[in-house]
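Here is the file my_file-v4.cif (mmCIF, C-alpha atoms).
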```
data_structure
loop_
_atom_site.label_atom_id
_atom_site.label_comp_id
_atom_site.auth_asym_id
_atom_site.auth_seq_id
_atom_site.Cartn_x
_atom_site.Cartn_y
_atom_site.Cartn_z
CA MET A 2 -33.98 16.33 -53.23
CA VAL A 3 -33.58 13.91 -50.37
CA GLU A 4 -31.23 15.00 -47.60
CA TRP A 5 -29.03 12.33 -46.07
CA THR A 6 -26.99 12.81 -42.92
CA GLU A 7 -23.49 11.33 -42.76
CA GLN A 8 -24.82 8.91 -40.20
CA GLU A 9 -27.63 7.74 -42.48
CA ARG A 10 -25.22 7.23 -45.37
CA GLY A 11 -22.97 5.23 -43.08
CA ILE A 12 -25.81 3.04 -41.90
CA ILE A 13 -27.07 2.28 -45.42
CA ASN A 14 -23.59 1.51 -46.74
CA SER A 15 -22.82 -0.63 -43.74
CA ILE A 16 -26.00 -2.68 -44.01
CA MET A 17 -25.69 -3.19 -47.78
CA GLY A 18 -21.99 -3.97 -47.40
CA SER A 19 -22.77 -6.71 -44.89
CA LEU A 20 -25.26 -8.46 -47.16
CA ASP A 21 -24.62 -11.48 -49.33
CA TYR A 22 -26.83 -10.46 -52.27
CA ASP A 23 -26.98 -14.08 -53.46
CA ASP A 24 -28.54 -15.07 -50.15
CA VAL A 25 -30.61 -12.07 -49.10
CA GLY A 26 -32.09 -11.35 -52.53
CA PRO A 27 -33.77 -14.74 -52.92
CA LYS A 28 -34.81 -14.72 -49.25
CA ALA A 29 -36.55 -11.36 -49.57
CA LEU A 30 -38.38 -12.19 -52.79
CA THR A 31 -39.52 -15.64 -51.64
CA ARG A 32 -40.73 -14.14 -48.36
CA CYS A 33 -42.76 -11.57 -50.31
CA LEU A 34 -44.36 -14.26 -52.48
CA ILE A 35 -45.23 -16.33 -49.40
CA VAL A 36 -46.42 -13.55 -47.09
CA TYR A 37 -48.29 -11.65 -49.82
CA PRO A 38 -49.37 -14.42 -52.18
CA TRP A 39 -51.14 -12.07 -54.58
CA THR A 40 -47.71 -10.81 -55.65
CA GLN A 41 -47.25 -14.17 -57.37
CA ARG A 42 -49.38 -12.79 -60.19
CA TYR A 43 -46.27 -11.20 -61.68
CA PHE A 44 -44.32 -14.46 -61.70
CA VAL A 45 -46.62 -16.79 -63.57
CA ALA A 46 -43.88 -17.59 -66.10
CA PHE A 47 -41.36 -18.51 -63.40
CA GLY A 48 -42.54 -22.08 -62.84
CA ASN A 49 -43.80 -23.86 -59.73
CA LEU A 50 -44.99 -21.47 -57.01
CA TYR A 51 -47.52 -23.88 -55.57
CA ASN A 52 -46.40 -23.74 -51.95
CA ALA A 53 -43.73 -22.25 -49.69
CA GLU A 54 -41.28 -25.10 -50.39
CA ALA A 55 -41.71 -24.78 -54.15
CA ILE A 56 -41.17 -21.03 -53.99
CA LYS A 57 -38.06 -21.37 -51.81
CA THR A 58 -36.47 -23.89 -54.19
CA ASN A 59 -37.48 -22.20 -57.45
CA PRO A 60 -34.25 -21.23 -59.26
CA ASN A 61 -35.94 -18.55 -61.39
CA ILE A 62 -37.23 -16.78 -58.30
CA ALA A 63 -33.80 -17.00 -56.66
CA ALA A 64 -32.12 -15.51 -59.73
CA HIS A 65 -34.64 -12.70 -59.79
CA GLY A 66 -34.12 -11.97 -56.11
CA ILE A 67 -30.40 -11.55 -56.75
CA LYS A 68 -31.15 -9.20 -59.67
CA ILE A 69 -33.33 -7.07 -57.38
CA LEU A 70 -30.59 -6.71 -54.75
CA HIS A 71 -28.12 -5.62 -57.42
CA GLY A 72 -30.69 -3.05 -58.48
CA LEU A 73 -30.83 -1.80 -54.90
CA ASP A 74 -27.06 -1.60 -54.95
CA ARG A 75 -27.33 1.05 -57.67
CA ALA A 76 -29.55 3.15 -55.44
CA MET A 77 -27.01 2.88 -52.62
CA LYS A 78 -24.24 4.00 -54.97
CA ASN A 79 -26.32 6.98 -56.17
CA MET A 80 -28.05 8.04 -52.98
CA ASP A 81 -28.13 11.69 -54.00
CA ASP A 82 -30.26 11.06 -57.05
CA ILE A 83 -32.16 7.82 -56.71
CA LYS A 84 -35.04 9.30 -58.68
CA ALA A 85 -32.91 9.71 -61.83
CA THR A 86 -31.07 6.44 -61.26
CA TYR A 87 -34.37 4.56 -61.27
CA ALA A 88 -36.23 6.52 -63.97
CA GLU A 89 -35.73 3.81 -66.59
CA LEU A 90 -36.57 1.01 -64.12
CA SER A 91 -39.73 2.84 -63.14
CA VAL A 92 -40.83 3.10 -66.77
CA LEU A 93 -40.05 -0.60 -67.24
CA HIS A 94 -42.17 -1.63 -64.22
CA SER A 95 -45.02 0.58 -65.39
CA GLU A 96 -45.11 0.16 -69.16
CA LYS A 97 -43.77 -3.34 -69.67
CA LEU A 98 -44.20 -5.27 -66.42
CA HIS A 99 -47.42 -3.53 -65.28
CA VAL A 100 -46.58 -3.91 -61.61
CA ASP A 101 -48.84 -2.14 -59.10
CA PRO A 102 -46.41 0.23 -57.30
CA ASP A 103 -47.90 -0.81 -53.96
CA ASN A 104 -45.99 -4.05 -54.39
CA PHE A 105 -42.65 -2.25 -54.08
CA ARG A 106 -43.55 -1.38 -50.51
CA LEU A 107 -44.47 -5.00 -49.75
CA LEU A 108 -41.12 -6.26 -51.06
CA ALA A 109 -39.29 -3.51 -49.18
CA ASP A 110 -40.98 -4.61 -45.93
CA CYS A 111 -39.98 -8.22 -46.54
CA LEU A 112 -36.38 -7.20 -47.20
CA THR A 113 -36.41 -5.25 -43.93
CA ILE A 114 -37.62 -8.35 -42.07
CA VAL A 115 -34.90 -10.52 -43.63
CA ILE A 116 -32.25 -8.00 -42.57
CA ALA A 117 -33.75 -7.67 -39.08
CA ALA A 118 -33.67 -11.46 -38.69
CA LYS A 119 -30.05 -11.48 -39.77
CA MET A 120 -28.88 -8.55 -37.61
CA GLY A 121 -30.93 -9.32 -34.50
CA ASN A 122 -30.59 -6.64 -31.85
CA ALA A 123 -27.99 -4.84 -33.93
CA PHE A 124 -30.94 -3.67 -36.03
CA THR A 125 -31.75 -0.92 -33.53
CA PRO A 126 -34.76 1.41 -33.81
CA ASP A 127 -32.51 4.19 -35.18
CA ILE A 128 -30.90 1.93 -37.75
CA GLN A 129 -34.37 0.72 -38.69
CA GLY A 130 -35.31 4.36 -39.27
CA ALA A 131 -32.43 5.07 -41.63
CA TRP A 132 -32.98 1.83 -43.51
CA GLN A 133 -36.72 2.47 -43.85
CA LYS A 134 -36.03 6.00 -45.10
CA PHE A 135 -33.72 4.58 -47.79
CA LEU A 136 -36.28 2.01 -48.90
CA ALA A 137 -39.05 4.62 -48.89
CA VAL A 138 -37.02 6.75 -51.30
CA VAL A 139 -36.34 3.68 -53.47
CA VAL A 140 -40.03 2.72 -53.48
CA SER A 141 -41.04 6.28 -54.35
CA ALA A 142 -38.52 6.48 -57.21
CA LEU A 143 -39.74 3.18 -58.65
CA GLY A 144 -43.28 4.49 -58.73
CA ARG A 145 -42.35 7.93 -59.98
CA GLN A 146 -42.67 7.41 -63.74
CA TYR A 147 -46.08 5.78 -63.62
CA HIS A 148 -48.84 7.74 -65.31
CA MET B 13 -58.13 -16.08 -43.28
CA LEU B 14 -56.12 -18.25 -40.91
CA SER B 15 -55.86 -21.99 -41.47
CA GLU B 16 -55.95 -24.54 -38.63
CA LYS B 17 -52.21 -25.05 -39.05
CA GLU B 18 -51.56 -21.31 -38.79
CA ARG B 19 -53.73 -20.94 -35.69
CA LYS B 20 -51.82 -23.75 -34.00
CA LEU B 21 -48.48 -22.22 -35.03
CA LEU B 22 -49.53 -18.83 -33.66
CA ALA B 23 -50.79 -20.26 -30.37
CA GLU B 24 -47.49 -22.12 -29.92
CA THR B 25 -45.35 -19.15 -30.89
CA TRP B 26 -47.08 -16.69 -28.57
CA ASP B 27 -46.85 -19.24 -25.80
CA THR B 28 -43.06 -19.23 -26.09
CA LEU B 29 -43.00 -15.42 -26.26
CA THR B 30 -45.07 -14.87 -23.10
CA PRO B 31 -42.05 -15.13 -20.76
CA VAL B 32 -40.32 -12.34 -22.72
CA ALA B 33 -43.45 -10.21 -23.13
CA GLU B 34 -41.83 -7.20 -21.47
CA TYR B 35 -38.83 -7.38 -23.72
CA ILE B 36 -40.64 -7.89 -27.03
CA GLY B 37 -43.39 -5.40 -26.20
CA SER B 38 -41.08 -2.58 -25.15
CA ASP B 39 -38.87 -3.20 -28.19
CA ALA B 40 -41.82 -2.93 -30.58
CA LEU B 41 -43.13 0.20 -28.84
CA LEU B 42 -39.71 1.86 -28.89
CA ARG B 43 -39.33 1.10 -32.60
CA MET B 44 -42.74 2.66 -33.24
CA PHE B 45 -42.04 5.78 -31.16
CA THR B 46 -38.64 6.24 -32.83
CA ASN B 47 -39.82 5.80 -36.40
CA PHE B 48 -43.36 7.12 -36.28
CA PRO B 49 -43.19 10.09 -33.89
CA GLY B 50 -46.92 10.82 -34.27
CA SER B 51 -47.60 7.70 -32.23
CA LYS B 52 -45.93 9.30 -29.21
CA THR B 53 -48.77 11.78 -28.86
CA TYR B 54 -50.85 9.14 -27.07
CA PHE B 55 -48.26 8.70 -24.36
CA SER B 56 -47.55 12.23 -23.18
CA HIS B 57 -48.54 11.12 -19.68
CA LEU B 58 -45.87 8.42 -19.50
CA ASN B 59 -42.10 8.24 -19.72
CA ILE B 60 -41.54 6.26 -22.91
CA SER B 61 -37.81 6.73 -23.32
CA ALA B 62 -35.61 3.68 -23.85
CA GLY B 63 -35.28 1.59 -20.70
CA SER B 64 -38.07 3.33 -18.80
CA PRO B 65 -40.26 1.17 -16.52
CA HIS B 66 -43.38 2.58 -18.21
CA LEU B 67 -42.16 1.29 -21.56
CA PHE B 68 -41.61 -2.20 -20.15
CA SER B 69 -44.91 -2.40 -18.27
CA HIS B 70 -46.88 -1.06 -21.21
CA GLY B 71 -45.13 -3.29 -23.70
CA LYS B 72 -45.80 -6.28 -21.45
CA LYS B 73 -49.49 -5.42 -21.24
CA ILE B 74 -49.85 -5.25 -25.01
CA VAL B 75 -47.96 -8.47 -25.73
CA LEU B 76 -49.90 -10.40 -23.08
CA ALA B 77 -53.17 -9.27 -24.69
CA ILE B 78 -51.93 -10.38 -28.11
CA ALA B 79 -50.78 -13.72 -26.68
CA GLU B 80 -54.12 -14.18 -24.91
CA GLY B 81 -55.97 -13.66 -28.19
CA ALA B 82 -53.74 -16.19 -29.94
CA ARG B 83 -54.75 -18.95 -27.50
CA ASP B 84 -58.11 -19.19 -29.24
CA ILE B 85 -58.32 -17.02 -32.32
CA SER B 86 -61.86 -18.15 -33.09
CA GLN B 87 -62.95 -16.33 -29.91
CA LEU B 88 -61.08 -13.12 -30.66
CA THR B 89 -64.11 -10.82 -30.56
CA ILE B 90 -65.15 -12.22 -27.18
CA THR B 91 -61.66 -12.15 -25.72
CA LEU B 92 -61.09 -8.57 -26.84
CA ALA B 93 -64.53 -7.17 -25.95
CA PRO B 94 -63.35 -5.16 -22.91
CA LEU B 95 -60.33 -3.84 -24.82
CA GLN B 96 -62.57 -2.92 -27.74
CA THR B 97 -64.65 -0.71 -25.50
CA TYR B 98 -61.59 0.76 -23.83
CA HIS B 99 -59.96 1.72 -27.13
CA ALA B 100 -63.17 3.07 -28.66
CA TYR B 101 -64.42 5.22 -25.81
CA VAL B 102 -61.47 5.96 -23.57
CA LEU B 103 -58.18 5.73 -25.46
CA ARG B 104 -59.50 6.61 -28.92
CA ILE B 105 -56.17 5.83 -30.55
CA ASP B 106 -56.45 6.39 -34.30
CA PRO B 107 -56.50 2.85 -35.80
CA SER B 108 -53.82 3.75 -38.33
CA ASN B 109 -51.44 3.41 -35.39
CA PHE B 110 -52.35 -0.26 -34.97
CA LYS B 111 -50.82 -0.83 -38.41
CA LEU B 112 -47.65 1.00 -37.42
CA PHE B 113 -47.38 -1.03 -34.21
CA SER B 114 -47.98 -4.30 -36.07
CA HIS B 115 -45.20 -3.40 -38.52
CA CYS B 116 -42.79 -2.74 -35.65
CA MET B 117 -43.91 -5.90 -33.84
CA LEU B 118 -43.02 -7.97 -36.93
CA ILE B 119 -39.55 -6.41 -36.93
CA SER B 120 -39.11 -7.05 -33.21
CA LEU B 121 -40.10 -10.67 -33.76
CA ALA B 122 -37.64 -10.98 -36.64
CA CYS B 123 -34.82 -9.53 -34.53
CA HIS B 124 -35.68 -11.80 -31.61
CA MET B 125 -36.33 -15.03 -33.51
CA GLY B 126 -33.83 -14.71 -36.38
CA GLU B 127 -34.14 -17.62 -38.82
CA ASP B 128 -37.03 -19.04 -36.76
CA PHE B 129 -39.17 -16.16 -38.01
CA THR B 130 -39.84 -18.11 -41.18
CA PRO B 131 -41.85 -16.76 -44.11
CA VAL B 132 -44.75 -19.06 -43.12
CA LEU B 133 -44.73 -17.77 -39.54
CA HIS B 134 -44.33 -14.19 -40.81
CA ALA B 135 -47.42 -14.61 -43.03
CA ALA B 136 -49.50 -16.07 -40.20
CA MET B 137 -48.33 -13.39 -37.79
CA ASP B 138 -49.09 -10.56 -40.23
CA LYS B 139 -52.60 -11.93 -40.78
CA TYR B 140 -53.19 -12.39 -37.06
CA LEU B 141 -52.01 -8.90 -36.12
CA SER B 142 -54.23 -7.40 -38.86
CA ALA B 143 -57.22 -9.36 -37.56
CA PHE B 144 -56.40 -8.30 -33.99
CA ALA B 145 -56.24 -4.64 -35.01
CA ALA B 146 -59.50 -4.89 -36.95
CA VAL B 147 -61.31 -6.43 -33.97
CA LEU B 148 -59.84 -3.82 -31.65
CA ALA B 149 -61.22 -1.01 -33.81
CA GLU B 150 -64.68 -2.57 -34.25
CA LYS B 151 -66.51 -0.44 -31.67
CA TYR B 152 -65.02 2.85 -32.86
CA ARG B 153 -68.05 3.67 -34.99
#
```

Take the structure in this file and express it as structure tokens.
Amino acid sequence: MVEWTEQERGIINSIMGSLDYDDVGPKALTRCLIVYPWTQRYFVAFGNLYNAEAIKTNPNIAAHGIKILHGLDRAMKNMDDIKATYAELSVLHSEKLHVDPDNFRLLADCLTIVIAAKMGNAFTPDIQGAWQKFLAVVVSALGRQYH
Amino acid sequence: MLSEKERKLLAETWDTLTPVAEYIGSDALLRMFTNFPGSKTYFSHLNISAGSPHLFSHGKKIVLAIAEGARDISQLTITLAPLQTYHAYVLRIDPSNFKLFSHCMLISLACHMGEDFTPVLHAAMDKYLSAFAAVLAEKYR
């Protein structure tokens, strides 16, 4: 089981609480599709992803980004058992969506960059550490049910 | 693979970052030391705590080298030749650390540039730092 200090819990809740999911979700996903273009392979049915502008204005991608942030919200609300919270999601990503689990890490990194850009110097090295630990647990849980 | 547009963008960006090399470099290093403690093992001879002069001077050195490379990316192997030798035979820093530093550098840039650290710039920067690290490790074996 993952051990969280009171400070780490505070940091995660504070960061998530400060986020506008409707803004950050789309930003993180579009950044991932632009910075790591091979991730677009999973979004063929979402419409025009031809260039950065198209990706940024694609409503399907935006909606999906919001969905993802709400999914992350569940992990924040169940920090003591993220593995169980995400078991079903992990199966979905493996069996139905066939997403290479390495992609979770790429998206997590893009989300971190979006938050860093938003928080500026308030995103200190220690806060970065707690946030990265949280995302690492999330990424691990999402890949857990693959076989 | 960096396009002409990306190379120009990188050259311009690093040009504007050169005056704050100390600040960006020390921030990236501190993030790396804080979050990836194994990387500290290469600096046991320096004081790398927050605010230390060693952290600033070392951070400055690194950023200036990265900025220098960005001036003409097509000449990267030539520009970095002395540093290649230095890292391969003297420093012998495990190249996995270059990845960790690049990751922290991207975060430092995001914190410093905010919205100006656009996805397009982020992509170009990530590619450039990967190329830089690969060239740096070329003489290792």

Taking only C-alpha atoms into account and nothing else, which residues of chain B lie no more than 12 Å away from chain A? Please answer as a PyMOL selection string.
chain B and resi 35-36+38-49+62+115-139

Which neighbours of segment 62-71 of chain A fall inside 10 Å, counting only C-alpha atoms, when residues of the same chain fewer than 3 positions from it are skipped, and could you give them as a list in words?
Met17, Leu20, Asp21, Tyr22, Asp23, Asp24, Val25, Gly26, Pro27, Lys28, Ala29, Leu30, Thr31, Leu34, Phe44, Phe47, Gly48, Asn49, Leu50, Ile56, Lys57, Thr58, Asn59, Asp74, Arg75, Ala76, Met77 and Leu112 of chain A

For His99 of chain B, the nearest of the candidates B:Glu24, B:Glu18, B:Glu34, B:Glu150, counting only C-alpha atoms
B:Glu150

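Ranking A:Arg42, A:Lys78, A:Arg10, A:His99 by their shortest atom-to-atom distance to Gly144 of chain A, with all atoms listed in the file included, puts A:His99 first.
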
Among listed residues A:Asn14, A:Thr6, A:Ser95, A:Ser141, nearest Asn79 of chain A (using all atoms listed in the file):
A:Asn14

Contacts of Phe55 of chain B at 12 Å or less, counting only C-alpha atoms, minus same-chain residues fewer than 3 places along, as a ChimeraX atom specification?
/B:41-42,45,49-52,58-61,66-67,70,103,105

With C-alpha atoms retained, export the selected residues as a CSV table (one decimal), in the frame of the given file.
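Result file is selection32.csv:
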```csv
chain,number,residue,atom,x,y,z
B,41,LEU,CA,-43.1,0.2,-28.8
B,42,LEU,CA,-39.7,1.9,-28.9
B,45,PHE,CA,-42.0,5.8,-31.2
B,49,PRO,CA,-43.2,10.1,-33.9
B,50,GLY,CA,-46.9,10.8,-34.3
B,51,SER,CA,-47.6,7.7,-32.2
B,52,LYS,CA,-45.9,9.3,-29.2
B,58,LEU,CA,-45.9,8.4,-19.5
B,59,ASN,CA,-42.1,8.2,-19.7
B,60,ILE,CA,-41.5,6.3,-22.9
B,61,SER,CA,-37.8,6.7,-23.3
B,66,HIS,CA,-43.4,2.6,-18.2
B,67,LEU,CA,-42.2,1.3,-21.6
B,70,HIS,CA,-46.9,-1.1,-21.2
B,103,LEU,CA,-58.2,5.7,-25.5
B,105,ILE,CA,-56.2,5.8,-30.6
```

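Note that the spacing between atom CA of Ser15 of chain B and atom CA of Leu112 of chain B amounts to 24.7 Å.
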
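All protein and nucleic acid residues in the vicinity of (-48.4, -17.2, -19.8), that is within 9 Å when counting all atoms listed in the file, are Trp26, Asp27, Thr28, Leu29, Thr30, Pro31, Leu76, Ala79 and Glu80 of chain B.
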
Return as a ChimeraX atom specification the set of residues that the PyMOL selection byres ((chain B and resi 92-95) around 9) yields on the displayed structure.
/B:77,81,87-91,96-100,144,147-148

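Evaluated against this file, the PyMOL selection byres ((chain B and resi 19) around 10) yields Leu14, Ser15, Glu16, Lys17, Glu18, Lys20, Leu21, Leu22, Ala23, Glu24, Thr25, Ala82, Arg83, Asp84, Ile85, Ser86, Ala136, Met137 and Tyr140 of chain B.
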
Please indicate the distance in Å from atom CA of Phe113 of chain B to atom CA of Ala146 of chain B, rounded to one decimal place.
13.0 Å

Just give me the gap between atom CA of Ala46 of chain A and atom CA of Asn61 of chain A in Å, one decimal is fine.
9.3 Å

Specify as a VMD selection string each residue included when the PyMOL selection byres ((chain A and resi 148) around 12) is applied to this file.
chain A and resid 91 to 92 94 to 96 99 101 to 102 144 to 147

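If only C-alpha atoms are the atoms counted, then among A:Val140, A:Ile83, A:Leu108, A:Glu89 the closest residue to Met2 of chain A is A:Ile83.
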
Might I get the box with edges along x, y and z of the file that holds all atoms of segment 119-124 of chain B listed there, padded by 5 Å on every side, given as centre and edge lengths in Å to one decimal, as JSON?
```
{"center_x": -37.5, "center_y": -9.1, "center_z": -34.3, "size_x": 15.3, "size_y": 15.4, "size_z": 15.3}
```

Can you sort out segment 59-82 of chain A so it carries N, CA, C and O atoms, written as a JSON list (two decimals), in the coordinates of the input?
```json
[["chain", "number", "residue", "atom", "x", "y", "z"],
["A", 59, "ASN", "N", -37.36, -22.58, -56.04],
["A", 59, "ASN", "CA", -37.48, -22.20, -57.45],
["A", 59, "ASN", "C", -36.27, -21.39, -57.90],
["A", 59, "ASN", "O", -36.04, -20.28, -57.38],
["A", 60, "PRO", "N", -35.49, -21.91, -58.86],
["A", 60, "PRO", "CA", -34.25, -21.23, -59.26],
["A", 60, "PRO", "C", -34.51, -19.90, -59.97],
["A", 60, "PRO", "O", -33.70, -18.97, -59.87],
["A", 61, "ASN", "N", -35.63, -19.80, -60.69],
["A", 61, "ASN", "CA", -35.94, -18.55, -61.39],
["A", 61, "ASN", "C", -36.22, -17.42, -60.40],
["A", 61, "ASN", "O", -35.82, -16.27, -60.61],
["A", 62, "ILE", "N", -36.93, -17.78, -59.32],
["A", 62, "ILE", "CA", -37.23, -16.78, -58.30],
["A", 62, "ILE", "C", -35.92, -16.35, -57.62],
["A", 62, "ILE", "O", -35.69, -15.15, -57.39],
["A", 63, "ALA", "N", -35.07, -17.32, -57.32],
["A", 63, "ALA", "CA", -33.80, -17.00, -56.66],
["A", 63, "ALA", "C", -32.98, -16.04, -57.53],
["A", 63, "ALA", "O", -32.46, -15.03, -57.04],
["A", 64, "ALA", "N", -32.90, -16.36, -58.81],
["A", 64, "ALA", "CA", -32.12, -15.51, -59.73],
["A", 64, "ALA", "C", -32.69, -14.10, -59.76],
["A", 64, "ALA", "O", -31.97, -13.10, -59.77],
["A", 65, "HIS", "N", -34.02, -14.02, -59.75],
["A", 65, "HIS", "CA", -34.64, -12.70, -59.79],
["A", 65, "HIS", "C", -34.40, -11.91, -58.52],
["A", 65, "HIS", "O", -34.19, -10.70, -58.55],
["A", 66, "GLY", "N", -34.40, -12.62, -57.39],
["A", 66, "GLY", "CA", -34.12, -11.97, -56.11],
["A", 66, "GLY", "C", -32.73, -11.34, -56.11],
["A", 66, "GLY", "O", -32.53, -10.23, -55.61],
["A", 67, "ILE", "N", -31.78, -12.06, -56.69],
["A", 67, "ILE", "CA", -30.40, -11.55, -56.75],
["A", 67, "ILE", "C", -30.36, -10.30, -57.62],
["A", 67, "ILE", "O", -29.72, -9.29, -57.29],
["A", 68, "LYS", "N", -31.09, -10.34, -58.74],
["A", 68, "LYS", "CA", -31.15, -9.20, -59.67],
["A", 68, "LYS", "C", -31.67, -7.96, -58.92],
["A", 68, "LYS", "O", -31.14, -6.86, -59.08],
["A", 69, "ILE", "N", -32.72, -8.18, -58.12],
["A", 69, "ILE", "CA", -33.33, -7.07, -57.38],
["A", 69, "ILE", "C", -32.33, -6.43, -56.43],
["A", 69, "ILE", "O", -32.22, -5.20, -56.35],
["A", 70, "LEU", "N", -31.57, -7.26, -55.70],
["A", 70, "LEU", "CA", -30.59, -6.71, -54.75],
["A", 70, "LEU", "C", -29.51, -5.91, -55.47],
["A", 70, "LEU", "O", -29.06, -4.87, -54.98],
["A", 71, "HIS", "N", -29.11, -6.39, -56.65],
["A", 71, "HIS", "CA", -28.12, -5.62, -57.42],
["A", 71, "HIS", "C", -28.71, -4.29, -57.87],
["A", 71, "HIS", "O", -28.01, -3.28, -57.97],
["A", 72, "GLY", "N", -30.02, -4.29, -58.14],
["A", 72, "GLY", "CA", -30.69, -3.05, -58.48],
["A", 72, "GLY", "C", -30.66, -2.08, -57.31],
["A", 72, "GLY", "O", -30.43, -0.88, -57.47],
["A", 73, "LEU", "N", -30.86, -2.62, -56.12],
["A", 73, "LEU", "CA", -30.83, -1.80, -54.90],
["A", 73, "LEU", "C", -29.43, -1.24, -54.67],
["A", 73, "LEU", "O", -29.26, -0.12, -54.18],
["A", 74, "ASP", "N", -28.46, -2.02, -55.07],
["A", 74, "ASP", "CA", -27.06, -1.60, -54.95],
["A", 74, "ASP", "C", -26.83, -0.29, -55.71],
["A", 74, "ASP", "O", -26.11, 0.61, -55.26],
["A", 75, "ARG", "N", -27.46, -0.17, -56.87],
["A", 75, "ARG", "CA", -27.33, 1.05, -57.67],
["A", 75, "ARG", "C", -27.89, 2.26, -56.93],
["A", 75, "ARG", "O", -27.37, 3.36, -57.03],
["A", 76, "ALA", "N", -28.98, 2.04, -56.21],
["A", 76, "ALA", "CA", -29.55, 3.15, -55.44],
["A", 76, "ALA", "C", -28.58, 3.57, -54.34],
["A", 76, "ALA", "O", -28.37, 4.76, -54.10],
["A", 77, "MET", "N", -27.97, 2.58, -53.69],
["A", 77, "MET", "CA", -27.01, 2.88, -52.62],
["A", 77, "MET", "C", -25.83, 3.68, -53.18],
["A", 77, "MET", "O", -25.33, 4.60, -52.55],
["A", 78, "LYS", "N", -25.39, 3.32, -54.40],
["A", 78, "LYS", "CA", -24.24, 4.00, -54.97],
["A", 78, "LYS", "C", -24.59, 5.38, -55.52],
["A", 78, "LYS", "O", -23.72, 6.16, -55.85],
["A", 79, "ASN", "N", -25.88, 5.68, -55.64],
["A", 79, "ASN", "CA", -26.32, 6.98, -56.17],
["A", 79, "ASN", "C", -27.34, 7.61, -55.25],
["A", 79, "ASN", "O", -28.37, 8.12, -55.72],
["A", 80, "MET", "N", -27.06, 7.62, -53.96],
["A", 80, "MET", "CA", -28.05, 8.04, -52.98],
["A", 80, "MET", "C", -28.53, 9.47, -53.18],
["A", 80, "MET", "O", -29.62, 9.82, -52.74],
["A", 81, "ASP", "N", -27.71, 10.29, -53.84],
["A", 81, "ASP", "CA", -28.13, 11.69, -54.00],
["A", 81, "ASP", "C", -29.06, 11.91, -55.18],
["A", 81, "ASP", "O", -29.60, 13.00, -55.34],
["A", 82, "ASP", "N", -29.26, 10.90, -56.00],
["A", 82, "ASP", "CA", -30.26, 11.06, -57.05],
["A", 82, "ASP", "C", -30.85, 9.71, -57.43],
["A", 82, "ASP", "O", -30.69, 9.23, -58.56]]
```
